[in-house]
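Since the structure comes first, as C-alpha cells, the remarks are kept for the end.
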Amino acid sequence: MDSNHDIGKAGQKAAETFLLKKGYQIITRNFRKNTGEIDLVARDGDYVVFVEVKARKGLEYGLPREAVGRAKQKRIVNMALRYMAQHNITETDIRFDVVEVLMHQGQVYVSHIENAFTG
C-alpha cells in the first residue's frame with residue numbers, strides 16, 4: 001500500500017466498516033462533482049451524515065483530522081448542498097462527521113468525530 005490512492009481506498013473501506021458496525025446506513029460513496037467530493041453519505045437515525053474520511057500511514061504530517069481545515073470544510077458543505085439539491089433532500093437534519101484512519105505497523109486505528117464541524 002504505497003500510493004495515496006491506495007491508502008485512501010483502504011481508509012475509506014475501514015471507515016465504512018466502522019460506521020456500519022455502529023448502525024449507520026451508507027447511502028452514497030464518493031459523490032463527485034467538478035468542485036469536490038464527499039467520501040460517504042450515510043444515515044444515522046434521523047440524520048443524513050456527510051462523512052469526510054482522512055487516512056494516513058503515519059503521523060509525520062500530524063493527525064489525519066488536522067487535514068480538514070476551514071477551506072476543506074467549506075468545500076464539503078458546498079458539496080453537501082449540491083448533493084441535497086440533486087437528491088431532493090429537504091426538511092431533514094444533517095451533520096458533518098470526520099473519520100480518521102491511521103494505518104501503522106500493520107494495525108488500523110479508526111477514530112470517529114461526530115459533528116466535527118457545522119455548515
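Residues in the C-alpha cells are named by chain (A, B, ... in the order shown) and by number from 1 within that chain; ligands are numbered from 1 in the order shown.
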
Please provide as a PyMOL selection string all residues within 10 Å of Asp93 (chain A), with the sequence filter that same-chain residues fewer than 5 positions apart are discarded (counting only C-alpha atoms). chain A and resi 45-49

Near region 67-78 of chain A, within 8 Å and counting only C-alpha atoms, which residues show up once chain neighbours fewer than 6 positions away are dropped, as a list in words? Thr35, Gly36, Glu37, Ile38, Glu52, Lys54, Phe117 and Gly119 of chain A

So which bits of chain A end up strand (DSSP E or B) when you DSSP the backbone, as a PyMOL selection string? chain A and resi 25-33+36-44+47-56+93-104+107-117

Across A:His104, A:Arg95, A:His112, A:Arg82, the smallest distance to Asn34 (chain A), with only C-alpha atoms counted, is shown by A:Arg82

Would you mind telling me which residue in A:Val51, A:Tyr61, A:Met103, A:Ile94 lies nearest to Asp6 (chain A) when using only C-alpha atoms? A:Met103

Selected residue of minimal separation from Ala14 (chain A) among A:Glu100, A:Glu66, A:Glu114, A:Asp44, counting only C-alpha atoms: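 The closest residue to Ala14 (chain A) is A:Glu100.
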
Residues of region 8-110 of chain A classed as alpha helix (DSSP H) by DSSP on the backbone are to be reported as a count of residues only. 31

Please report, as CSV, each residue of region 56-110 of chain A lying at most 12 Å from region 18-25 of chain A, together with the nearest pair of atoms and the separation in Å rounded to one decimal; use only C-alpha atoms, and order rows by chain and ascending residue number.
residue,atom,partner,partner_atom,distance
A:Asp97,CA,A:Leu19,CA,10.9
A:Val98,CA,A:Leu19,CA,11.2
A:Val99,CA,A:Leu19,CA,9.0
A:Glu100,CA,A:Phe18,CA,10.8
A:Val101,CA,A:Phe18,CA,10.2
A:Val108,CA,A:Phe18,CA,11.1
A:Tyr109,CA,A:Phe18,CA,10.3
A:Val110,CA,A:Phe18,CA,7.5

Between A:Gln107, A:Asn30, A:Asn88, A:Thr118, which one has atoms that come closest to Val53 (chain A), using only C-alpha atoms?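 Closest residue, counting only C-alpha atoms: A:Asn30.
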
Name the closest residue to Ala42 (chain A) among the candidates A:Thr28, A:Glu60, A:Ala80, A:Leu102; distances are taken between atoms, counting only C-alpha atoms. A:Thr28

Measuring between only C-alpha atoms, which one of A:Ser3, A:Thr17, A:Gln105, A:Gln12 shows the shortest distance to Gly58 (chain A)? A:Gln105

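Across the structure, CA of Ala85 (chain A) and CA of Phe31 (chain A) are spaced 12.9 Å apart.
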
For CA of Arg32 (chain A) and CA of Ala10 (chain A), the interatomic separation in Å (one decimal):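 Straight-line distance from CA of Arg32 (chain A) to CA of Ala10 (chain A) works out to 18.4 Å.
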